[in-house]
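Let me begin by presenting the structure, written as structure tokens, before commenting on it.
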Amino acid sequence: MNKAIQFPANFLWGSATSAYQIEGSPLADGAGASIWQRFCAVPGNVRDGDHGDIACDHYNRYKEDVALMVKLGLKAYRFSVSWSRILPQGRGAVNQAGLDFYSRLIDELLANGIEPMVTLYHWDLPAALDDRGGWLNPDIADWFTDYARVLFRAFDGRVKSWATLNEPWVVTDGGYLHGTLAPGHRNLHEAALASHNLMRAHGSAVKAYREEGKYQIGIVVNIEPKYPASQSQADLDATRRADAYMNRQYLDPIFLGAYPPEMKEIFGEAWPDWPAADFDLIGQKLDFVGINYYTRSVVRHEPAHWPLRVAPVRQTQATYTETGWEVFPQGLTDTLVNFKQRYGDTPLYVMENGSAFYDPPQAEDGRVHDPLRVSCLRKNMGALHAALELGVDLRGYMVWSLLDNLEWSLGFSKRFGIIHVNFETQQRTLKDSALLYADIVASNGACLNQPV
Ligand code: PNW
């Protein structure tokens with residue numbers, strides 16, 4: 001933090017979004033429904049009954065949104081493809097009009113010198129596949145691979161950076177263990193199965209990419225470093241379980257060939273001995289790993305909490321964001337350094353990092369002042385730079401998010417954007433954090449050395 005900040009000349013600065021959170025028009029041009037469309041339609045699932053039917057209307061306004069990226073000087077854009085736009089039934093017939101939308105978006109990015117970074121799965125499973133069991137059906141590894149091949153064949157070359165899954169942990173924990181996200185199940189046995197099938201699907205798609213593609217493929221995981229609330233053995237064990245469940249569950253099988261032993265401690269008989277051959281598939285070599293970092297967690301032993309027996313401990317001196325996440329920039333450095341120590345030198349990208357805060361009403365000067373987000377961004381940049389200084393092979397940073405958007409079950413109530421979206425008028429306004437980010441990108445971080 002003390003050293004003058006200067007990122008490498010080729011550092012890839014960008015922003016991230018996901019399909020269901022911004023696109024709107026979920027059934028346009030022959031698309032099939034996704035589990036998120038279904039989930040939003042059930043009263044009580046999403047705050048205020050919000051849904052993604054319109055969202056940021058990005059499906060129609062993508063050119064305007066790319067123009068905003070140009071204005072900010074961004075060099076990359078991470079977005080996801082909606083599986084059911086490409087394959088309305090999840091498998092079988094390809095919907096050309098769905099491919100055409102992403103083709104137009106990719107062309108618009110390339111014409112403006114912005115590198116497209118595509119995520120194949122950011123949680124919006126085709127509803128037709130959920131009807132066949134979704135992530136619980138072992139056939140999903142093949143369904144996902146067939147879908148991935150369609151995209152590789154259509155776009156590889158124009159797209160040079162692919163990610164299979166966004167945050168498998170959230171897919172399982174929210175979708176199959178606690179039921180807070182689509183498809184809303186709450187079942188320990190299902191969570192184990194969904195996790196393993198996600199990893200099989202990931203590995204299978206990477207394998208297919210080696211036949212179809214020429215550039216880079218990786219995975220994106222969310223990492224939340226865990227710190228013990230005390231040095232008692234019970235708290236240390238709780239920390240180990242929490243870390244295994246959230247952080248090591250998906251990276252260990254890829255890089256070390258096995259799930260953490262804690263999985264059985266947590267899941268008991270719901271965690272089977274998986275076929276050994278699956279780990280050859282899961283362990284495909286990756287070109288990069290994407291890390292999403294938002295917060296840390298200080299944890300203690302709590303026998304009443306199912307199934308981890310872990311409870312978070314609120315930090316009385318800390319700032320918390322609107323999603324209840326502690327502002328803890330040091331955790332970003334720790335996360336990147338820990339990755340290097342445990343798994344070695346794979347190129348890393350921070351694929352998401354950001355914060356939800358209440359944005360005061362638009363000021364008279366027509367600007368959106370978001371001092372808390374600005375402060376977080378500055379601190380996170382220091383933490384990011386510190387990781388580079390410590391020798392982490394870090395290639396780029398994607399801020400979450402380009403636009404305020406549908407924050408899943410929290411609806412539109414939480415704003416993560418560096419660009420404000422008025423959801424009544426669809427007007428976009430750069431927040432102060434966007435202006436700061438533009439300066440960071442233009443100066444490769446050097447602007448952060450000036451006193452505020
Ligand atoms: C990520 N957690 O979700 C997602 O990739 C984005 O789509 C989302 O909008 C963003 O972060 C902000 O929430 C996460 O509980 C959801 O640790 C939950 C957690 C982490 C990431």
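As shown in the structure tokens, the chain order sets the letters A, B, ...; within each chain, residues go from 1, and ligands are also counted from 1 in the order they appear.
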Tell me, as a PDB file with all heavy atoms, in the first residue's frame, which residues lie within 10 Å of segment 445-449 of chain A, counting only C-alpha atoms; anything in the same chain fewer than 5 positions away does not count.
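Now in part_4.pdb:
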ATOM      1  N   ASN A   2       2.079   1.115   0.550  1.00  0.00           N
ATOM      2  CA  ASN A   2       2.934   2.306   0.641  1.00  0.00           C
ATOM      3  C   ASN A   2       3.633   2.614  -0.672  1.00  0.00           C
ATOM      4  O   ASN A   2       3.971   3.740  -0.958  1.00  0.00           O
ATOM      5  CB  ASN A   2       3.994   2.106   1.730  1.00  0.00           C
ATOM      6  CG  ASN A   2       3.321   1.795   3.052  1.00  0.00           C
ATOM      7  OD1 ASN A   2       2.232   2.276   3.303  1.00  0.00           O
ATOM      8  ND2 ASN A   2       3.954   0.979   3.868  1.00  0.00           N
ATOM      9  N   LYS A   3       3.850   1.570  -1.446  1.00  0.00           N
ATOM     10  CA  LYS A   3       4.564   1.753  -2.704  1.00  0.00           C
ATOM     11  C   LYS A   3       3.728   2.529  -3.707  1.00  0.00           C
ATOM     12  O   LYS A   3       2.503   2.402  -3.735  1.00  0.00           O
ATOM     13  CB  LYS A   3       4.888   0.380  -3.297  1.00  0.00           C
ATOM     14  CG  LYS A   3       6.267  -0.118  -2.911  1.00  0.00           C
ATOM     15  CD  LYS A   3       6.781  -1.025  -3.998  1.00  0.00           C
ATOM     16  CE  LYS A   3       8.266  -0.936  -4.176  1.00  0.00           C
ATOM     17  NZ  LYS A   3       8.758  -2.084  -4.921  1.00  0.00           N
ATOM     18  N   ALA A   4       4.372   3.319  -4.548  1.00  0.00           N
ATOM     19  CA  ALA A   4       3.645   4.048  -5.588  1.00  0.00           C
ATOM     20  C   ALA A   4       2.947   3.048  -6.497  1.00  0.00           C
ATOM     21  O   ALA A   4       3.496   2.009  -6.855  1.00  0.00           O
ATOM     22  CB  ALA A   4       4.606   4.906  -6.382  1.00  0.00           C
ATOM     23  N   ILE A   5       1.711   3.370  -6.858  1.00  0.00           N
ATOM     24  CA  ILE A   5       0.926   2.450  -7.662  1.00  0.00           C
ATOM     25  C   ILE A   5       1.176   2.683  -9.147  1.00  0.00           C
ATOM     26  O   ILE A   5       1.094   3.813  -9.632  1.00  0.00           O
ATOM     27  CB  ILE A   5      -0.578   2.602  -7.334  1.00  0.00           C
ATOM     28  CG1 ILE A   5      -0.824   2.151  -5.888  1.00  0.00           C
ATOM     29  CG2 ILE A   5      -1.436   1.820  -8.308  1.00  0.00           C
ATOM     30  CD1 ILE A   5      -2.263   2.209  -5.450  1.00  0.00           C
ATOM     31  N   GLN A   6       1.526   1.616  -9.819  1.00  0.00           N
ATOM     32  CA  GLN A   6       1.647   1.656 -11.271  1.00  0.00           C
ATOM     33  C   GLN A   6       1.426   0.235 -11.772  1.00  0.00           C
ATOM     34  O   GLN A   6       2.237  -0.650 -11.524  1.00  0.00           O
ATOM     35  CB  GLN A   6       3.039   2.166 -11.684  1.00  0.00           C
ATOM     36  CG  GLN A   6       3.232   2.316 -13.188  1.00  0.00           C
ATOM     37  CD  GLN A   6       2.349   3.417 -13.782  1.00  0.00           C
ATOM     38  OE1 GLN A   6       2.487   4.580 -13.420  1.00  0.00           O
ATOM     39  NE2 GLN A   6       1.424   3.055 -14.668  1.00  0.00           N
ATOM     40  N   PHE A   7       0.318   0.008 -12.452  1.00  0.00           N
ATOM     41  CA  PHE A   7       0.039  -1.333 -12.975  1.00  0.00           C
ATOM     42  C   PHE A   7       0.809  -1.530 -14.282  1.00  0.00           C
ATOM     43  O   PHE A   7       1.157  -0.554 -14.961  1.00  0.00           O
ATOM     44  CB  PHE A   7      -1.467  -1.508 -13.171  1.00  0.00           C
ATOM     45  CG  PHE A   7      -2.217  -1.696 -11.885  1.00  0.00           C
ATOM     46  CD1 PHE A   7      -2.646  -0.598 -11.138  1.00  0.00           C
ATOM     47  CD2 PHE A   7      -2.470  -2.964 -11.394  1.00  0.00           C
ATOM     48  CE1 PHE A   7      -3.323  -0.771  -9.940  1.00  0.00           C
ATOM     49  CE2 PHE A   7      -3.143  -3.145 -10.196  1.00  0.00           C
ATOM     50  CZ  PHE A   7      -3.578  -2.048  -9.461  1.00  0.00           C
ATOM     51  N   PRO A   8       1.052  -2.794 -14.645  1.00  0.00           N
ATOM     52  CA  PRO A   8       1.779  -3.071 -15.895  1.00  0.00           C
ATOM     53  C   PRO A   8       1.044  -2.478 -17.101  1.00  0.00           C
ATOM     54  O   PRO A   8      -0.185  -2.359 -17.100  1.00  0.00           O
ATOM     55  CB  PRO A   8       1.776  -4.602 -15.983  1.00  0.00           C
ATOM     56  CG  PRO A   8       1.452  -5.090 -14.620  1.00  0.00           C
ATOM     57  CD  PRO A   8       0.692  -4.023 -13.922  1.00  0.00           C
ATOM     58  N   ARG A 378     -10.939   2.720  -4.426  1.00  0.00           N
ATOM     59  CA  ARG A 378      -9.560   3.148  -4.160  1.00  0.00           C
ATOM     60  C   ARG A 378      -8.822   2.115  -3.314  1.00  0.00           C
ATOM     61  O   ARG A 378      -7.694   1.736  -3.616  1.00  0.00           O
ATOM     62  CB  ARG A 378      -9.559   4.463  -3.366  1.00  0.00           C
ATOM     63  CG  ARG A 378      -9.846   5.673  -4.185  1.00  0.00           C
ATOM     64  CD  ARG A 378      -9.698   6.940  -3.326  1.00  0.00           C
ATOM     65  NE  ARG A 378      -9.862   8.100  -4.169  1.00  0.00           N
ATOM     66  CZ  ARG A 378      -8.912   8.601  -4.955  1.00  0.00           C
ATOM     67  NH1 ARG A 378      -7.699   8.081  -4.942  1.00  0.00           N
ATOM     68  NH2 ARG A 378      -9.154   9.626  -5.736  1.00  0.00           N
ATOM     69  N   LYS A 379      -9.469   1.677  -2.241  1.00  0.00           N
ATOM     70  CA  LYS A 379      -8.810   0.722  -1.340  1.00  0.00           C
ATOM     71  C   LYS A 379      -8.560  -0.605  -2.046  1.00  0.00           C
ATOM     72  O   LYS A 379      -7.513  -1.233  -1.864  1.00  0.00           O
ATOM     73  CB  LYS A 379      -9.669   0.490  -0.105  1.00  0.00           C
ATOM     74  CG  LYS A 379      -9.728   1.695   0.820  1.00  0.00           C
ATOM     75  CD  LYS A 379     -10.616   1.364   2.011  1.00  0.00           C
ATOM     76  CE  LYS A 379     -10.946   2.609   2.804  1.00  0.00           C
ATOM     77  NZ  LYS A 379     -12.234   2.471   3.516  1.00  0.00           N
ATOM     78  N   MET A 381      -8.031  -1.066  -5.142  1.00  0.00           N
ATOM     79  CA  MET A 381      -6.923  -0.903  -6.095  1.00  0.00           C
ATOM     80  C   MET A 381      -5.584  -1.057  -5.393  1.00  0.00           C
ATOM     81  O   MET A 381      -4.650  -1.654  -5.928  1.00  0.00           O
ATOM     82  CB  MET A 381      -7.003   0.479  -6.757  1.00  0.00           C
ATOM     83  CG  MET A 381      -8.128   0.621  -7.750  1.00  0.00           C
ATOM     84  SD  MET A 381      -7.948  -0.520  -9.133  1.00  0.00           S
ATOM     85  CE  MET A 381      -9.249  -1.643  -8.783  1.00  0.00           C
ATOM     86  N   GLY A 382      -5.485  -0.508  -4.183  1.00  0.00           N
ATOM     87  CA  GLY A 382      -4.258  -0.656  -3.402  1.00  0.00           C
ATOM     88  C   GLY A 382      -3.993  -2.124  -3.102  1.00  0.00           C
ATOM     89  O   GLY A 382      -2.863  -2.611  -3.235  1.00  0.00           O
ATOM     90  N   HIS A 385      -2.877  -3.962  -6.241  1.00  0.00           N
ATOM     91  CA  HIS A 385      -1.492  -3.653  -6.580  1.00  0.00           C
ATOM     92  C   HIS A 385      -0.533  -4.378  -5.636  1.00  0.00           C
ATOM     93  O   HIS A 385       0.509  -4.882  -6.057  1.00  0.00           O
ATOM     94  CB  HIS A 385      -1.266  -2.135  -6.518  1.00  0.00           C
ATOM     95  CG  HIS A 385       0.038  -1.709  -7.095  1.00  0.00           C
ATOM     96  ND1 HIS A 385       1.118  -1.339  -6.323  1.00  0.00           N
ATOM     97  CD2 HIS A 385       0.451  -1.631  -8.380  1.00  0.00           C
ATOM     98  CE1 HIS A 385       2.129  -1.044  -7.120  1.00  0.00           C
ATOM     99  NE2 HIS A 385       1.760  -1.205  -8.367  1.00  0.00           N
ATOM    100  N   LEU A 436     -13.733   7.933 -11.575  1.00  0.00           N
ATOM    101  CA  LEU A 436     -12.463   7.509 -10.976  1.00  0.00           C
ATOM    102  C   LEU A 436     -11.891   6.313 -11.731  1.00  0.00           C
ATOM    103  O   LEU A 436     -10.696   6.265 -12.034  1.00  0.00           O
ATOM    104  CB  LEU A 436     -12.666   7.150  -9.491  1.00  0.00           C
ATOM    105  CG  LEU A 436     -11.461   6.463  -8.820  1.00  0.00           C
ATOM    106  CD1 LEU A 436     -10.239   7.374  -8.790  1.00  0.00           C
ATOM    107  CD2 LEU A 436     -11.812   6.016  -7.393  1.00  0.00           C
ATOM    108  N   TYR A 437     -12.764   5.367 -12.050  1.00  0.00           N
ATOM    109  CA  TYR A 437     -12.276   4.161 -12.742  1.00  0.00           C
ATOM    110  C   TYR A 437     -11.667   4.529 -14.094  1.00  0.00           C
ATOM    111  O   TYR A 437     -10.627   3.995 -14.487  1.00  0.00           O
ATOM    112  CB  TYR A 437     -13.408   3.144 -12.900  1.00  0.00           C
ATOM    113  CG  TYR A 437     -12.922   1.762 -13.285  1.00  0.00           C
ATOM    114  CD1 TYR A 437     -11.924   1.119 -12.552  1.00  0.00           C
ATOM    115  CD2 TYR A 437     -13.447   1.092 -14.393  1.00  0.00           C
ATOM    116  CE1 TYR A 437     -11.468  -0.143 -12.904  1.00  0.00           C
ATOM    117  CE2 TYR A 437     -12.995  -0.173 -14.758  1.00  0.00           C
ATOM    118  CZ  TYR A 437     -12.009  -0.789 -14.015  1.00  0.00           C
ATOM    119  OH  TYR A 437     -11.548  -2.043 -14.370  1.00  0.00           O
ATOM    120  N   ALA A 438     -12.291   5.468 -14.787  1.00  0.00           N
ATOM    121  CA  ALA A 438     -11.749   5.918 -16.081  1.00  0.00           C
ATOM    122  C   ALA A 438     -10.339   6.488 -15.885  1.00  0.00           C
ATOM    123  O   ALA A 438      -9.436   6.230 -16.689  1.00  0.00           O
ATOM    124  CB  ALA A 438     -12.670   6.956 -16.711  1.00  0.00           C
ATOM    125  N   ASP A 439     -10.143   7.240 -14.810  1.00  0.00           N
ATOM    126  CA  ASP A 439      -8.807   7.797 -14.526  1.00  0.00           C
ATOM    127  C   ASP A 439      -7.806   6.683 -14.210  1.00  0.00           C
ATOM    128  O   ASP A 439      -6.649   6.734 -14.618  1.00  0.00           O
ATOM    129  CB  ASP A 439      -8.860   8.751 -13.320  1.00  0.00           C
ATOM    130  CG  ASP A 439      -9.487  10.094 -13.678  1.00  0.00           C
ATOM    131  OD1 ASP A 439      -9.673  10.354 -14.887  1.00  0.00           O
ATOM    132  OD2 ASP A 439      -9.799  10.861 -12.746  1.00  0.00           O
ATOM    133  N   ILE A 440      -8.272   5.699 -13.448  1.00  0.00           N
ATOM    134  CA  ILE A 440      -7.396   4.565 -13.101  1.00  0.00           C
ATOM    135  C   ILE A 440      -6.953   3.855 -14.371  1.00  0.00           C
ATOM    136  O   ILE A 440      -5.771   3.567 -14.572  1.00  0.00           O
ATOM    137  CB  ILE A 440      -8.136   3.578 -12.151  1.00  0.00           C
ATOM    138  CG1 ILE A 440      -8.372   4.234 -10.787  1.00  0.00           C
ATOM    139  CG2 ILE A 440      -7.359   2.275 -12.020  1.00  0.00           C
ATOM    140  CD1 ILE A 440      -9.312   3.448  -9.868  1.00  0.00           C
TER     141      ILE A 440
END
- Message: Show me which residues are within 9 Å of ligand 1 counting only C-alpha atoms and all ligand atoms, and format the list as a ChimeraX atom specification.
- Response: /A:16-18,20-21,122-123,166-167,169-170,173-174,220-224,246,292-296,323,325,351-356,400-401,405-408,414,416
So which residues of segment 132-334 of chain A fall under strand (DSSP E) by DSSP, listed as an mmCIF file with N, CA and C atoms, in the first residue's frame?
data_model
loop_
_atom_site.group_PDB
_atom_site.id
_atom_site.type_symbol
_atom_site.label_atom_id
_atom_site.label_comp_id
_atom_site.auth_asym_id
_atom_site.auth_seq_id
_atom_site.Cartn_x
_atom_site.Cartn_y
_atom_site.Cartn_z
ATOM 1 N N SER A 161 -11.200 -15.237 -24.933
ATOM 2 C CA SER A 161 -11.178 -15.560 -23.515
ATOM 3 C C SER A 161 -12.542 -16.118 -23.108
ATOM 4 N N TRP A 162 -12.523 -17.366 -22.662
ATOM 5 C CA TRP A 162 -13.759 -18.074 -22.301
ATOM 6 C C TRP A 162 -13.694 -18.533 -20.852
ATOM 7 N N ALA A 163 -14.822 -18.447 -20.166
ATOM 8 C CA ALA A 163 -14.926 -19.051 -18.838
ATOM 9 C C ALA A 163 -16.114 -20.002 -18.871
ATOM 10 N N THR A 164 -15.931 -21.172 -18.273
ATOM 11 C CA THR A 164 -17.025 -22.153 -18.271
ATOM 12 C C THR A 164 -18.149 -21.706 -17.339
ATOM 13 N N LEU A 165 -17.871 -21.708 -16.037
ATOM 14 C CA LEU A 165 -18.912 -21.432 -15.039
ATOM 15 C C LEU A 165 -18.592 -20.171 -14.266
ATOM 16 N N ASN A 166 -19.616 -19.439 -13.888
ATOM 17 C CA ASN A 166 -19.437 -18.387 -12.899
ATOM 18 C C ASN A 166 -19.865 -18.904 -11.535
ATOM 19 N N GLN A 216 -7.931 -18.938 -24.951
ATOM 20 C CA GLN A 216 -7.849 -19.209 -23.510
ATOM 21 C C GLN A 216 -9.177 -19.646 -22.931
ATOM 22 N N ILE A 217 -9.129 -20.614 -22.031
ATOM 23 C CA ILE A 217 -10.340 -20.987 -21.286
ATOM 24 C C ILE A 217 -9.998 -21.199 -19.817
ATOM 25 N N GLY A 218 -10.929 -20.821 -18.954
ATOM 26 C CA GLY A 218 -10.736 -20.988 -17.516
ATOM 27 C C GLY A 218 -12.079 -21.106 -16.819
ATOM 28 N N ILE A 219 -12.057 -20.894 -15.516
ATOM 29 C CA ILE A 219 -13.284 -20.936 -14.710
ATOM 30 C C ILE A 219 -13.279 -19.702 -13.813
ATOM 31 N N VAL A 220 -14.442 -19.298 -13.350
ATOM 32 C CA VAL A 220 -14.527 -18.159 -12.430
ATOM 33 C C VAL A 220 -15.122 -18.639 -11.109
ATOM 34 N N VAL A 221 -14.370 -18.426 -10.031
ATOM 35 C CA VAL A 221 -14.846 -18.835 -8.706
ATOM 36 C C VAL A 221 -14.919 -17.621 -7.782
ATOM 37 N N ASN A 222 -15.841 -17.656 -6.830
ATOM 38 C CA ASN A 222 -15.869 -16.620 -5.802
ATOM 39 C C ASN A 222 -15.078 -17.112 -4.603
ATOM 40 N N LYS A 226 -11.349 -16.928 4.909
ATOM 41 C CA LYS A 226 -11.959 -17.159 6.223
ATOM 42 C C LYS A 226 -10.900 -16.977 7.305
ATOM 43 N N TYR A 227 -11.263 -16.243 8.330
ATOM 44 C CA TYR A 227 -10.343 -15.976 9.439
ATOM 45 C C TYR A 227 -11.018 -16.427 10.733
ATOM 46 N N PRO A 228 -10.266 -17.085 11.616
ATOM 47 C CA PRO A 228 -10.888 -17.585 12.851
ATOM 48 C C PRO A 228 -11.184 -16.442 13.837
ATOM 49 N N PHE A 288 -6.331 -19.944 -17.350
ATOM 50 C CA PHE A 288 -6.399 -18.897 -16.320
ATOM 51 C C PHE A 288 -7.477 -19.272 -15.317
ATOM 52 N N VAL A 289 -7.450 -18.609 -14.185
ATOM 53 C CA VAL A 289 -8.553 -18.701 -13.227
ATOM 54 C C VAL A 289 -9.055 -17.287 -12.962
ATOM 55 N N GLY A 290 -10.360 -17.137 -12.972
ATOM 56 C CA GLY A 290 -10.993 -15.867 -12.636
ATOM 57 C C GLY A 290 -11.452 -15.911 -11.189
ATOM 58 N N ILE A 291 -11.153 -14.845 -10.458
ATOM 59 C CA ILE A 291 -11.519 -14.796 -9.046
ATOM 60 C C ILE A 291 -12.454 -13.623 -8.795
ATOM 61 N N ASN A 292 -13.569 -13.919 -8.160
ATOM 62 C CA ASN A 292 -14.487 -12.862 -7.745
ATOM 63 C C ASN A 292 -14.288 -12.624 -6.262
ATOM 64 N N SER A 297 -14.701 -13.346 5.710
ATOM 65 C CA SER A 297 -15.578 -13.746 6.795
ATOM 66 C C SER A 297 -14.743 -14.176 7.993
ATOM 67 N N VAL A 298 -15.101 -13.637 9.146
ATOM 68 C CA VAL A 298 -14.502 -14.088 10.406
ATOM 69 C C VAL A 298 -15.498 -15.082 10.987
ATOM 70 N N VAL A 299 -15.027 -16.277 11.339
ATOM 71 C CA VAL A 299 -15.972 -17.333 11.698
ATOM 72 C C VAL A 299 -15.671 -17.995 13.041
ATOM 73 N N ARG A 300 -16.754 -18.524 13.600
ATOM 74 C CA ARG A 300 -16.635 -19.268 14.856
ATOM 75 C C ARG A 300 -17.459 -20.546 14.758
ATOM 76 N N HIS A 301 -17.184 -21.452 15.675
ATOM 77 C CA HIS A 301 -17.934 -22.705 15.750
ATOM 78 C C HIS A 301 -19.358 -22.422 16.225
ATOM 79 N N VAL A 310 -20.940 -23.473 11.467
ATOM 80 C CA VAL A 310 -20.093 -22.282 11.416
ATOM 81 C C VAL A 310 -20.992 -21.055 11.467
ATOM 82 N N ALA A 311 -20.567 -20.018 12.187
ATOM 83 C CA ALA A 311 -21.311 -18.752 12.172
ATOM 84 C C ALA A 311 -20.351 -17.603 11.906
ATOM 85 N N PRO A 312 -20.808 -16.614 11.134
ATOM 86 C CA PRO A 312 -19.983 -15.433 10.912
ATOM 87 C C PRO A 312 -20.007 -14.541 12.147
#
Name the residues in contact with Asp107 of chain A at a cut-off of 12 Å, using only C-alpha atoms, excluding same-chain residues fewer than 3 positions from it; report them as a list of chain:residue names.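 After dropping sequence-adjacent residues, the list is A:Tyr62, A:Lys63, A:Val66, A:Asp100, A:Phe101, A:Tyr102, A:Ser103, A:Arg104, A:Leu110, A:Ala111, A:Asn112, A:Gly113, A:Ile114, A:Glu115, A:Pro116, A:Phe155, A:Gly157, A:Arg158, A:Val159.
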Can I get the residues of segment 41-157 of chain A within 10 Å of segment 187-194 of chain A, each with the closest pair of atoms and their distance in Å to one decimal, using only C-alpha atoms, sorted chain first then ascending number, as a Markdown table?
| residue | atom | partner | partner_atom | distance |
| --- | --- | --- | --- | --- |
| A:Gly133 | CA | A:Ala194 | CA | 9.9 |
| A:Gly134 | CA | A:Ala194 | CA | 8.4 |
| A:Trp135 | CA | A:Ala194 | CA | 4.9 |
| A:Leu136 | CA | A:Ala194 | CA | 5.1 |
| A:Asn137 | CA | A:Ala194 | CA | 8.2 |
| A:Pro138 | CA | A:Leu193 | CA | 8.6 |
| A:Ile140 | CA | A:Ala194 | CA | 9.9 |
- prompt: Any idea what's packed within 7 Å of His185 of chain A, counting only C-alpha atoms, ignoring anything in its chain fewer than 5 positions away? Could you give it as number ranges by chain?
  reply: A: 175-179
Enumerate as JSON, numbers by chain all residues of segment 256-407 of chain A assigned to alpha helix (DSSP H) by DSSP on the backbone, naming them with the chain letters and numbers the document uses. {"A": [262, 263, 264, 265, 266, 267, 276, 277, 278, 279, 280, 281, 282, 330, 331, 332, 333, 334, 335, 336, 337, 338, 339, 340, 341, 342, 343, 371, 372, 373, 374, 375, 376, 377, 378, 379, 380, 381, 382, 383, 384, 385, 386, 387, 388, 389]}
Can those selected residues be exported to a file as a short mmCIF file (atom, residue, chain, number, x, y, z; two decimals), in the first residue's frame so that it contains C-alpha atoms?
data_model
loop_
_atom_site.label_atom_id
_atom_site.label_comp_id
_atom_site.auth_asym_id
_atom_site.auth_seq_id
_atom_site.Cartn_x
_atom_site.Cartn_y
_atom_site.Cartn_z
CA GLU A 262 -13.69 -31.57 4.97
CA MET A 263 -16.46 -32.21 2.42
CA LYS A 264 -17.31 -35.47 4.17
CA GLU A 265 -17.08 -33.77 7.56
CA ILE A 266 -19.69 -31.28 6.37
CA PHE A 267 -21.96 -33.42 4.19
CA ALA A 276 -11.98 -41.76 -9.78
CA ALA A 277 -12.26 -41.22 -13.55
CA ASP A 278 -14.30 -38.06 -12.94
CA PHE A 279 -11.24 -36.35 -11.53
CA ASP A 280 -9.31 -36.82 -14.78
CA LEU A 281 -12.12 -34.95 -16.49
CA ILE A 282 -12.40 -32.24 -13.83
CA GLN A 330 -6.70 -6.79 2.56
CA GLY A 331 -8.76 -9.90 1.81
CA LEU A 332 -8.29 -9.28 -1.91
CA THR A 333 -4.51 -9.37 -1.52
CA ASP A 334 -4.74 -12.42 0.76
CA THR A 335 -7.01 -14.24 -1.68
CA LEU A 336 -4.66 -13.76 -4.62
CA VAL A 337 -1.55 -14.63 -2.61
CA ASN A 338 -3.24 -17.69 -1.06
CA PHE A 339 -4.18 -18.93 -4.51
CA LYS A 340 -0.57 -18.75 -5.68
CA GLN A 341 0.66 -20.51 -2.55
CA ARG A 342 -1.81 -23.38 -2.75
CA TYR A 343 -2.18 -23.92 -6.49
CA PRO A 371 -18.43 8.40 -2.10
CA LEU A 372 -18.63 5.02 -0.35
CA ARG A 373 -18.16 3.09 -3.60
CA VAL A 374 -15.36 5.47 -4.60
CA SER A 375 -13.61 4.87 -1.30
CA CYS A 376 -13.96 1.07 -1.70
CA LEU A 377 -12.64 1.19 -5.23
CA ARG A 378 -9.56 3.15 -4.16
CA LYS A 379 -8.81 0.72 -1.34
CA ASN A 380 -9.35 -2.31 -3.54
CA MET A 381 -6.92 -0.90 -6.09
CA GLY A 382 -4.26 -0.66 -3.40
CA ALA A 383 -4.91 -4.26 -2.39
CA LEU A 384 -4.80 -5.39 -6.00
CA HIS A 385 -1.49 -3.65 -6.58
CA ALA A 386 -0.08 -5.17 -3.40
CA ALA A 387 -0.77 -8.65 -4.82
CA LEU A 388 1.23 -7.80 -7.93
CA GLU A 389 4.08 -6.60 -5.74
#
What's the 10 Å shell around Arg85 of chain A, counting only C-alpha atoms, without same-chain residues fewer than 5 positions away, as a PyMOL selection string? chain A and resi 26-34+90+94-102+126
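The environment of Ala148 of chain A within 9 Å, counting only C-alpha atoms and disregarding residues fewer than 6 places along the same chain, consists of Leu120, Thr164, Ala205, Ala208 and Tyr209 of chain A.
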Could you please take those selected residues and save N, CA and C atoms as a PDB file, in the first residue's frame?
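The new file part08.pdb reads:
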ATOM      1  N   LEU A 120     -19.782 -18.786 -20.082  1.00  0.00           N
ATOM      2  CA  LEU A 120     -20.806 -19.648 -20.681  1.00  0.00           C
ATOM      3  C   LEU A 120     -22.016 -19.817 -19.764  1.00  0.00           C
ATOM      4  N   THR A 164     -15.931 -21.172 -18.273  1.00  0.00           N
ATOM      5  CA  THR A 164     -17.025 -22.153 -18.271  1.00  0.00           C
ATOM      6  C   THR A 164     -18.149 -21.706 -17.339  1.00  0.00           C
ATOM      7  N   ALA A 205     -16.340 -29.349 -20.867  1.00  0.00           N
ATOM      8  CA  ALA A 205     -16.332 -28.206 -21.795  1.00  0.00           C
ATOM      9  C   ALA A 205     -14.899 -27.755 -22.087  1.00  0.00           C
ATOM     10  N   ALA A 208     -13.503 -30.096 -24.593  1.00  0.00           N
ATOM     11  CA  ALA A 208     -14.035 -29.795 -25.926  1.00  0.00           C
ATOM     12  C   ALA A 208     -13.333 -28.572 -26.524  1.00  0.00           C
ATOM     13  N   TYR A 209     -13.017 -27.608 -25.655  1.00  0.00           N
ATOM     14  CA  TYR A 209     -12.359 -26.395 -26.159  1.00  0.00           C
ATOM     15  C   TYR A 209     -10.995 -26.726 -26.768  1.00  0.00           C
TER      16      TYR A 209
END
I need the residue nearest Gly283 of chain A from this list: A:Glu302, A:Glu326, A:Asp156, A:Asp252. Use only C-alpha atoms for the distance.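 Looking at the shortest contact to Gly283 of chain A, the residue is A:Asp252.
Taking only C-alpha atoms into account, Gly344 of chain A lies nearest to A:Leu256 out of the set A:Leu256, A:Cys56, A:Leu74, A:Leu125.
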> Looking at only C-alpha atoms, which of A:Asp142, A:Glu64, A:Asp130, A:Asp365 is the one that sits closest to Ser204 of chain A?
Replying inline: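 Of A:Asp142, A:Glu64, A:Asp130, A:Asp365, the one nearest Ser204 of chain A is A:Asp142, counting only C-alpha atoms.
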If I take atom CA of Ser433 of chain A and atom CA of Ala19 of chain A, how far is one from the other in Å, to one decimal?
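Answer for the atom CA of Ser433 of chain A to atom CA of Ala19 of chain A separation: 22.7 Å.
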